[in-house]
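The next block holds one structure in the form of C-alpha cells; read it before the comments.
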Amino acid sequence: MPDAPRPAGARDRLFVALDVETLDQADALMTELKGVVGGCKIGSQLFTAAGPAAVERALAHGFRVFLDLKYHDIPNTVAGAVREAARLGVFMLNVHASGGPAMLRAAAEAGRAATRPGQTRPLCLGVTVLTSLDRHALAAQGVVGTVEAHVLRLAEQSRAAGLDGSVASPREIRLLRGGLGPRWIIVTPGIRPDGATARADAGPATAGDDQVRVATPAAAIGAGADYLVVGRPVTGVADPGAAAAALVAEIERALDG
Ligand code: C5P
C-alpha cells in the first residue's frame, strides 16, 4: 500500500473548523481565511445545514477539506458514504473506529476504489474514543481497562483494516505516535493558541468553551501531531484571518524548533 501523503508546511497543517449555521457564514469565514490556512473542516452542523455545497465552496476557495462526519453504520452503508465523500474531492474524512474491522475495511477500500486516476485518494481516519467518554462510560458499555488501552486497540484495528490515521486528543498523541509509528497520520483537535490556556491538562480555554483536553500548537506538533484542528479560537474572534495567521506562525516555529 502506498504511503499516505505527509503534511508539508505550517499552513497545510492547520484545518479551521467551520462550525457555523449557514453557507453564507461559512463563506464569509473562508474569504477571510483564504491564503492564510490550507484547510477547512466541515462537520455535522454545516453539512446538515448546507450539504455538499459547503464542500464545493471550500474547494472553490482553494482549501483542502476535512469532512468530519464520523461515519458509523453497517459496512455497505459506510462504504457508500465514503465513496460519495471521495467523489466530492475531500482531502480527509473519518469513521468511528469502534464500528468494527469489517466496517473499517469497507471504508478504506471504498476510499481507494472511488478515487479517479490522477486524483489523490482521501485520507481515511478512525475516531478512537470520544473525548466526552471516560473510563466509567466505557465500563458501562462493557469495555474493561483504561481509556488509553482502548484508544490504542482501536487505532491498531484501524491500521490493520487499511486506514491512514487517527483523530486524537492532545493527551493521546504520544501514545499513538509511539504505538503506531512515524507513518500513522495523527489529526488533533482541542488546540488553543499559546497564551490562551497552554497546558495539555488545563481546564476549559475560556468561559463557555467545552474543550477539556487542550494543548498549544507547539505542544501538539512537538508530541507528534501531523494536522491540527482549531475552531472557536479562529471563528469566534473579531479577526479570524489574524488569529489563523498567528496560529500558523506558532506552528511554523514549532516545526523549526
Ligand atoms: O472550537 P474548537 O476549537 O473546540 O473546535 C474543535 C473542533 O474539533 C470541533 O469541530 C469539534 O467537533 C472537533 N472535535 C473535538 N474533539 C474531538 C473530536 C473532534 O473538538 N475529540
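Residues in the C-alpha cells are numbered from 1 in each chain, the chains being A, B, ... in the order shown, and ligands are numbered from 1 in the order shown.
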Residue contacts of Asp24 of chain A (12 Å, only C-alpha atoms) excluding same-chain residues fewer than 4 positions away, as an NGL selection string
:A and (18 or 20 or 28-31 or 46 or 49-50 or 53-54 or 57-58)
May I have the selected residues written with all heavy atoms, as an mmCIF file, in the first residue's frame?
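Output contents, as saved in selection_24.cif:
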```cif
data_model
loop_
_atom_site.group_PDB
_atom_site.id
_atom_site.type_symbol
_atom_site.label_atom_id
_atom_site.label_comp_id
_atom_site.auth_asym_id
_atom_site.auth_seq_id
_atom_site.Cartn_x
_atom_site.Cartn_y
_atom_site.Cartn_z
ATOM 1 N N LEU A 18 -15.282 24.877 10.536
ATOM 2 C CA LEU A 18 -16.332 25.829 10.159
ATOM 3 C C LEU A 18 -17.647 25.390 10.804
ATOM 4 O O LEU A 18 -18.562 24.925 10.119
ATOM 5 C CB LEU A 18 -16.466 25.893 8.639
ATOM 6 C CG LEU A 18 -15.207 26.326 7.869
ATOM 7 C CD1 LEU A 18 -15.450 26.261 6.367
ATOM 8 C CD2 LEU A 18 -14.766 27.738 8.273
ATOM 9 N N VAL A 20 -20.551 26.544 11.786
ATOM 10 C CA VAL A 20 -21.498 27.661 11.695
ATOM 11 C C VAL A 20 -22.822 27.165 11.116
ATOM 12 O O VAL A 20 -22.920 26.032 10.639
ATOM 13 C CB VAL A 20 -20.922 28.818 10.840
ATOM 14 C CG1 VAL A 20 -19.732 29.465 11.532
ATOM 15 C CG2 VAL A 20 -20.538 28.333 9.440
ATOM 16 N N ALA A 28 -18.175 33.586 4.398
ATOM 17 C CA ALA A 28 -17.516 34.803 4.914
ATOM 18 C C ALA A 28 -16.212 34.422 5.622
ATOM 19 O O ALA A 28 -15.174 35.078 5.446
ATOM 20 C CB ALA A 28 -18.454 35.541 5.869
ATOM 21 N N LEU A 29 -16.258 33.337 6.393
ATOM 22 C CA LEU A 29 -15.035 32.887 7.074
ATOM 23 C C LEU A 29 -13.982 32.429 6.069
ATOM 24 O O LEU A 29 -12.802 32.762 6.181
ATOM 25 C CB LEU A 29 -15.357 31.731 8.029
ATOM 26 C CG LEU A 29 -15.939 32.119 9.383
ATOM 27 C CD1 LEU A 29 -16.486 30.885 10.090
ATOM 28 C CD2 LEU A 29 -14.874 32.794 10.250
ATOM 29 N N MET A 30 -14.437 31.668 5.071
ATOM 30 C CA MET A 30 -13.483 31.167 4.073
ATOM 31 C C MET A 30 -12.797 32.325 3.352
ATOM 32 O O MET A 30 -11.610 32.265 3.056
ATOM 33 C CB MET A 30 -14.193 30.255 3.072
ATOM 34 C CG MET A 30 -14.621 28.928 3.675
ATOM 35 S SD MET A 30 -15.191 27.808 2.379
ATOM 36 C CE MET A 30 -16.891 27.586 2.795
ATOM 37 N N THR A 31 -13.554 33.383 3.080
ATOM 38 C CA THR A 31 -12.978 34.537 2.400
ATOM 39 C C THR A 31 -11.867 35.153 3.249
ATOM 40 O O THR A 31 -10.820 35.547 2.746
ATOM 41 C CB THR A 31 -14.089 35.573 2.105
ATOM 42 O OG1 THR A 31 -15.076 34.919 1.288
ATOM 43 C CG2 THR A 31 -13.565 36.793 1.382
ATOM 44 N N LEU A 46 -22.563 22.162 9.750
ATOM 45 C CA LEU A 46 -22.595 22.843 8.448
ATOM 46 C C LEU A 46 -23.051 21.898 7.342
ATOM 47 O O LEU A 46 -23.814 22.299 6.451
ATOM 48 C CB LEU A 46 -21.204 23.424 8.124
ATOM 49 C CG LEU A 46 -21.107 24.189 6.806
ATOM 50 C CD1 LEU A 46 -22.084 25.370 6.756
ATOM 51 C CD2 LEU A 46 -19.672 24.680 6.570
ATOM 52 N N ALA A 49 -26.735 21.534 7.438
ATOM 53 C CA ALA A 49 -27.402 22.763 7.001
ATOM 54 C C ALA A 49 -27.238 23.008 5.499
ATOM 55 O O ALA A 49 -28.182 23.431 4.819
ATOM 56 C CB ALA A 49 -26.850 23.954 7.779
ATOM 57 N N ALA A 50 -26.051 22.761 4.984
ATOM 58 C CA ALA A 50 -25.754 23.219 3.615
ATOM 59 C C ALA A 50 -25.420 22.098 2.640
ATOM 60 O O ALA A 50 -25.397 22.331 1.421
ATOM 61 C CB ALA A 50 -24.600 24.227 3.663
ATOM 62 N N ALA A 53 -22.752 21.430 -0.976
ATOM 63 C CA ALA A 53 -22.398 22.787 -1.436
ATOM 64 C C ALA A 53 -21.321 23.400 -0.556
ATOM 65 O O ALA A 53 -20.497 24.199 -1.024
ATOM 66 C CB ALA A 53 -23.637 23.678 -1.442
ATOM 67 N N ALA A 54 -21.307 23.017 0.733
ATOM 68 C CA ALA A 54 -20.280 23.567 1.630
ATOM 69 C C ALA A 54 -18.901 23.072 1.209
ATOM 70 O O ALA A 54 -17.922 23.828 1.205
ATOM 71 C CB ALA A 54 -20.581 23.164 3.077
ATOM 72 N N ARG A 57 -17.906 24.761 -2.082
ATOM 73 C CA ARG A 57 -17.492 26.156 -1.881
ATOM 74 C C ARG A 57 -16.068 26.225 -1.331
ATOM 75 O O ARG A 57 -15.249 27.030 -1.774
ATOM 76 C CB ARG A 57 -18.472 26.844 -0.910
ATOM 77 C CG ARG A 57 -18.326 28.345 -0.805
ATOM 78 C CD ARG A 57 -18.799 29.080 -2.057
ATOM 79 N NE ARG A 57 -20.205 28.854 -2.344
ATOM 80 C CZ ARG A 57 -21.208 29.615 -1.877
ATOM 81 N NH1 ARG A 57 -20.943 30.662 -1.128
ATOM 82 N NH2 ARG A 57 -22.462 29.347 -2.189
ATOM 83 N N ALA A 58 -15.769 25.340 -0.377
ATOM 84 C CA ALA A 58 -14.417 25.335 0.210
ATOM 85 C C ALA A 58 -13.375 24.982 -0.856
ATOM 86 O O ALA A 58 -12.308 25.595 -0.924
ATOM 87 C CB ALA A 58 -14.356 24.354 1.380
#
```
Where does DSSP see strand (DSSP E) in segment 57-252 of chain A, if you list the residues as an mmCIF file with N, CA and C atoms, in the first residue's frame?
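This went into out_36.cif:
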```cif
data_model
loop_
_atom_site.group_PDB
_atom_site.id
_atom_site.type_symbol
_atom_site.label_atom_id
_atom_site.label_comp_id
_atom_site.auth_asym_id
_atom_site.auth_seq_id
_atom_site.Cartn_x
_atom_site.Cartn_y
_atom_site.Cartn_z
ATOM 1 N N ARG A 64 -8.139 22.595 1.179
ATOM 2 C CA ARG A 64 -8.320 21.164 1.353
ATOM 3 C C ARG A 64 -9.445 20.991 2.372
ATOM 4 N N VAL A 65 -10.244 19.945 2.191
ATOM 5 C CA VAL A 65 -11.398 19.763 3.082
ATOM 6 C C VAL A 65 -11.256 18.491 3.914
ATOM 7 N N PHE A 66 -11.435 18.656 5.211
ATOM 8 C CA PHE A 66 -11.577 17.525 6.132
ATOM 9 C C PHE A 66 -13.077 17.388 6.391
ATOM 10 N N LEU A 67 -13.683 16.329 5.856
ATOM 11 C CA LEU A 67 -15.116 16.095 6.053
ATOM 12 C C LEU A 67 -15.283 15.254 7.316
ATOM 13 N N ASP A 68 -15.720 15.919 8.380
ATOM 14 C CA ASP A 68 -15.760 15.315 9.718
ATOM 15 C C ASP A 68 -17.193 14.867 10.027
ATOM 16 N N LEU A 69 -17.600 13.747 9.421
ATOM 17 C CA LEU A 69 -18.967 13.254 9.649
ATOM 18 C C LEU A 69 -18.972 11.965 10.467
ATOM 19 N N LYS A 70 -17.815 11.469 10.835
ATOM 20 C CA LYS A 70 -17.691 10.327 11.764
ATOM 21 C C LYS A 70 -18.686 9.209 11.445
ATOM 22 N N TYR A 71 -18.528 8.630 10.244
ATOM 23 C CA TYR A 71 -19.464 7.577 9.828
ATOM 24 C C TYR A 71 -19.390 6.362 10.755
ATOM 25 N N MET A 92 -9.571 14.638 3.535
ATOM 26 C CA MET A 92 -9.632 13.694 4.669
ATOM 27 C C MET A 92 -11.086 13.485 5.058
ATOM 28 N N LEU A 93 -11.357 12.298 5.592
ATOM 29 C CA LEU A 93 -12.680 12.020 6.152
ATOM 30 C C LEU A 93 -12.478 11.070 7.326
ATOM 31 N N ASN A 94 -13.546 10.847 8.093
ATOM 32 C CA ASN A 94 -13.351 9.960 9.240
ATOM 33 C C ASN A 94 -14.547 9.050 9.490
ATOM 34 N N VAL A 95 -14.242 7.966 10.189
ATOM 35 C CA VAL A 95 -15.245 6.977 10.587
ATOM 36 C C VAL A 95 -14.987 6.661 12.056
ATOM 37 N N HIS A 96 -15.985 6.088 12.730
ATOM 38 C CA HIS A 96 -15.746 5.655 14.116
ATOM 39 C C HIS A 96 -15.001 4.327 14.103
ATOM 40 N N LEU A 123 -7.598 10.760 2.653
ATOM 41 C CA LEU A 123 -7.100 10.071 3.841
ATOM 42 C C LEU A 123 -8.307 9.636 4.654
ATOM 43 N N CYS A 124 -8.267 8.399 5.134
ATOM 44 C CA CYS A 124 -9.389 7.887 5.932
ATOM 45 C C CYS A 124 -8.905 7.684 7.360
ATOM 46 N N LEU A 125 -9.525 8.417 8.294
ATOM 47 C CA LEU A 125 -9.089 8.409 9.695
ATOM 48 C C LEU A 125 -10.112 7.693 10.564
ATOM 49 N N GLY A 126 -9.643 7.099 11.639
ATOM 50 C CA GLY A 126 -10.533 6.485 12.618
ATOM 51 C C GLY A 126 -10.614 7.345 13.870
ATOM 52 N N VAL A 127 -11.835 7.606 14.321
ATOM 53 C CA VAL A 127 -12.031 8.276 15.618
ATOM 54 C C VAL A 127 -12.011 7.165 16.659
ATOM 55 N N GLY A 165 -4.926 6.831 9.544
ATOM 56 C CA GLY A 165 -4.551 7.517 10.770
ATOM 57 C C GLY A 165 -5.713 7.633 11.738
ATOM 58 N N SER A 166 -5.473 8.416 12.793
ATOM 59 C CA SER A 166 -6.458 8.586 13.862
ATOM 60 C C SER A 166 -6.699 10.065 14.139
ATOM 61 N N VAL A 167 -7.911 10.337 14.623
ATOM 62 C CA VAL A 167 -8.185 11.625 15.249
ATOM 63 C C VAL A 167 -7.864 11.427 16.723
ATOM 64 N N ILE A 185 -0.953 8.800 10.438
ATOM 65 C CA ILE A 185 -1.381 10.205 10.437
ATOM 66 C C ILE A 185 -2.153 10.507 11.728
ATOM 67 N N ILE A 186 -1.784 11.580 12.395
ATOM 68 C CA ILE A 186 -2.479 11.974 13.630
ATOM 69 C C ILE A 186 -3.043 13.388 13.453
ATOM 70 N N VAL A 187 -4.351 13.491 13.638
ATOM 71 C CA VAL A 187 -5.061 14.765 13.495
ATOM 72 C C VAL A 187 -5.629 15.129 14.867
ATOM 73 N N THR A 188 -5.327 16.328 15.325
ATOM 74 C CA THR A 188 -5.644 16.680 16.709
ATOM 75 C C THR A 188 -6.502 17.934 16.853
ATOM 76 N N TYR A 227 -1.642 17.062 11.729
ATOM 77 C CA TYR A 227 -2.582 18.127 11.385
ATOM 78 C C TYR A 227 -3.303 18.589 12.650
ATOM 79 N N LEU A 228 -3.576 19.890 12.738
ATOM 80 C CA LEU A 228 -4.272 20.457 13.891
ATOM 81 C C LEU A 228 -5.619 21.026 13.442
ATOM 82 N N VAL A 229 -6.624 20.829 14.286
ATOM 83 C CA VAL A 229 -7.960 21.369 14.010
ATOM 84 C C VAL A 229 -8.266 22.431 15.057
ATOM 85 N N VAL A 230 -8.610 23.624 14.592
ATOM 86 C CA VAL A 230 -8.947 24.717 15.508
ATOM 87 C C VAL A 230 -10.256 25.342 15.051
#
```
Would you please give, as a ChimeraX atom specification, all residues of segment 10-242 of chain A that DSSP assigns to alpha helix (DSSP H) based on the backbone?
/A:10-13,23-33,44-50,52-60,75-88,101-113,135-140,147-161,173-180,217-223,232-235,240-242
Throw together the list of residues within 9 Å of ligand 1, counting only C-alpha atoms and all ligand atoms, and drop it here as a PyMOL selection string.
chain A and resi 16-19+41-45+68+127-132+167-169+188-192+205+209-211+213-214+229-236
Export C-alpha atoms of the chosen residues as a JSON list (two decimals), in the first residue's frame?
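Once everything was written out, this is selection38.json:
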```json
[["chain", "number", "residue", "atom", "x", "y", "z"],
["A", 16, "VAL", "CA", -10.19, 25.52, 10.70],
["A", 17, "ALA", "CA", -13.48, 24.01, 11.90],
["A", 18, "LEU", "CA", -16.33, 25.83, 10.16],
["A", 19, "ASP", "CA", -18.93, 25.10, 12.85],
["A", 41, "LYS", "CA", -13.08, 21.18, 8.49],
["A", 42, "ILE", "CA", -16.74, 20.69, 7.60],
["A", 43, "GLY", "CA", -18.64, 18.84, 10.30],
["A", 44, "SER", "CA", -22.16, 17.70, 11.07],
["A", 45, "GLN", "CA", -23.62, 21.15, 11.68],
["A", 68, "ASP", "CA", -15.76, 15.32, 9.72],
["A", 127, "VAL", "CA", -12.03, 8.28, 15.62],
["A", 128, "THR", "CA", -10.99, 6.15, 18.60],
["A", 129, "VAL", "CA", -12.62, 7.14, 21.91],
["A", 130, "LEU", "CA", -14.61, 10.37, 22.01],
["A", 131, "THR", "CA", -13.13, 12.82, 24.49],
["A", 132, "SER", "CA", -16.55, 13.01, 26.12],
["A", 167, "VAL", "CA", -8.18, 11.62, 15.25],
["A", 168, "ALA", "CA", -6.55, 12.05, 18.65],
["A", 169, "SER", "CA", -6.92, 14.46, 21.56],
["A", 188, "THR", "CA", -5.64, 16.68, 16.71],
["A", 189, "PRO", "CA", -8.49, 18.98, 17.80],
["A", 190, "GLY", "CA", -8.53, 20.76, 21.16],
["A", 191, "ILE", "CA", -5.83, 23.23, 20.14],
["A", 192, "ARG", "CA", -5.63, 26.58, 21.89],
["A", 205, "ALA", "CA", -9.96, 27.57, 27.45],
["A", 209, "ASP", "CA", -15.70, 26.72, 25.93],
["A", 210, "ASP", "CA", -16.18, 22.98, 26.44],
["A", 211, "GLN", "CA", -12.76, 21.65, 25.39],
["A", 213, "ARG", "CA", -8.10, 18.44, 26.92],
["A", 214, "VAL", "CA", -6.22, 21.19, 25.19],
["A", 229, "VAL", "CA", -7.96, 21.37, 14.01],
["A", 230, "VAL", "CA", -8.95, 24.72, 15.51],
["A", 231, "GLY", "CA", -12.45, 26.14, 15.68],
["A", 232, "ARG", "CA", -13.59, 28.85, 18.03],
["A", 233, "PRO", "CA", -10.19, 30.49, 18.69],
["A", 234, "VAL", "CA", -10.34, 31.44, 14.99],
["A", 235, "THR", "CA", -14.03, 31.56, 14.10],
["A", 236, "GLY", "CA", -15.19, 33.21, 17.34]]
```
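For the pair atom CA of Ala85 of chain A and atom CA of Thr115 of chain A, the interatomic distance is 10.0 Å.
Candidate residues A:Gly62, A:Gly35, A:Gly80, A:Gly89 were compared for distance to Ala110 of chain A, and the nearest is A:Gly80, using only C-alpha atoms.
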With only C-alpha atoms as the counted atoms, please give the residues lying no more than 9 Å from Glu252 of chain A, apart from itself and same-chain residues fewer than 6 positions off, as a PDB file with all heavy atoms, in the first residue's frame.
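Writing the result to around36.pdb gives the following:
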```pdb
ATOM      1  N   GLY A   9       4.098  22.191   4.774  1.00  0.00           N
ATOM      2  CA  GLY A   9       4.370  23.389   5.565  1.00  0.00           C
ATOM      3  C   GLY A   9       3.335  23.655   6.649  1.00  0.00           C
ATOM      4  O   GLY A   9       2.324  22.956   6.761  1.00  0.00           O
ATOM      5  N   ALA A  10       3.609  24.703   7.446  1.00  0.00           N
ATOM      6  CA  ALA A  10       2.764  25.044   8.594  1.00  0.00           C
ATOM      7  C   ALA A  10       1.314  25.326   8.176  1.00  0.00           C
ATOM      8  O   ALA A  10       0.369  24.884   8.822  1.00  0.00           O
ATOM      9  CB  ALA A  10       3.357  26.258   9.297  1.00  0.00           C
ATOM     10  N   ARG A  11       1.175  26.039   7.073  1.00  0.00           N
ATOM     11  CA  ARG A  11      -0.166  26.424   6.633  1.00  0.00           C
ATOM     12  C   ARG A  11      -1.035  25.197   6.316  1.00  0.00           C
ATOM     13  O   ARG A  11      -2.230  25.176   6.596  1.00  0.00           O
ATOM     14  CB  ARG A  11       0.007  27.299   5.389  1.00  0.00           C
ATOM     15  CG  ARG A  11      -1.221  27.965   4.929  1.00  0.00           C
ATOM     16  CD  ARG A  11      -1.011  28.452   3.536  1.00  0.00           C
ATOM     17  NE  ARG A  11      -0.211  29.670   3.515  1.00  0.00           N
ATOM     18  CZ  ARG A  11      -0.134  30.457   2.445  1.00  0.00           C
ATOM     19  NH1 ARG A  11      -0.784  30.160   1.352  1.00  0.00           N
ATOM     20  NH2 ARG A  11       0.592  31.542   2.484  1.00  0.00           N
ATOM     21  N   ALA A 218       2.318  24.309  19.490  1.00  0.00           N
ATOM     22  CA  ALA A 218       3.695  23.834  19.664  1.00  0.00           C
ATOM     23  C   ALA A 218       3.719  22.505  20.414  1.00  0.00           C
ATOM     24  O   ALA A 218       4.452  21.583  20.039  1.00  0.00           O
ATOM     25  CB  ALA A 218       4.515  24.879  20.411  1.00  0.00           C
TER      26      ALA A 218
END
```
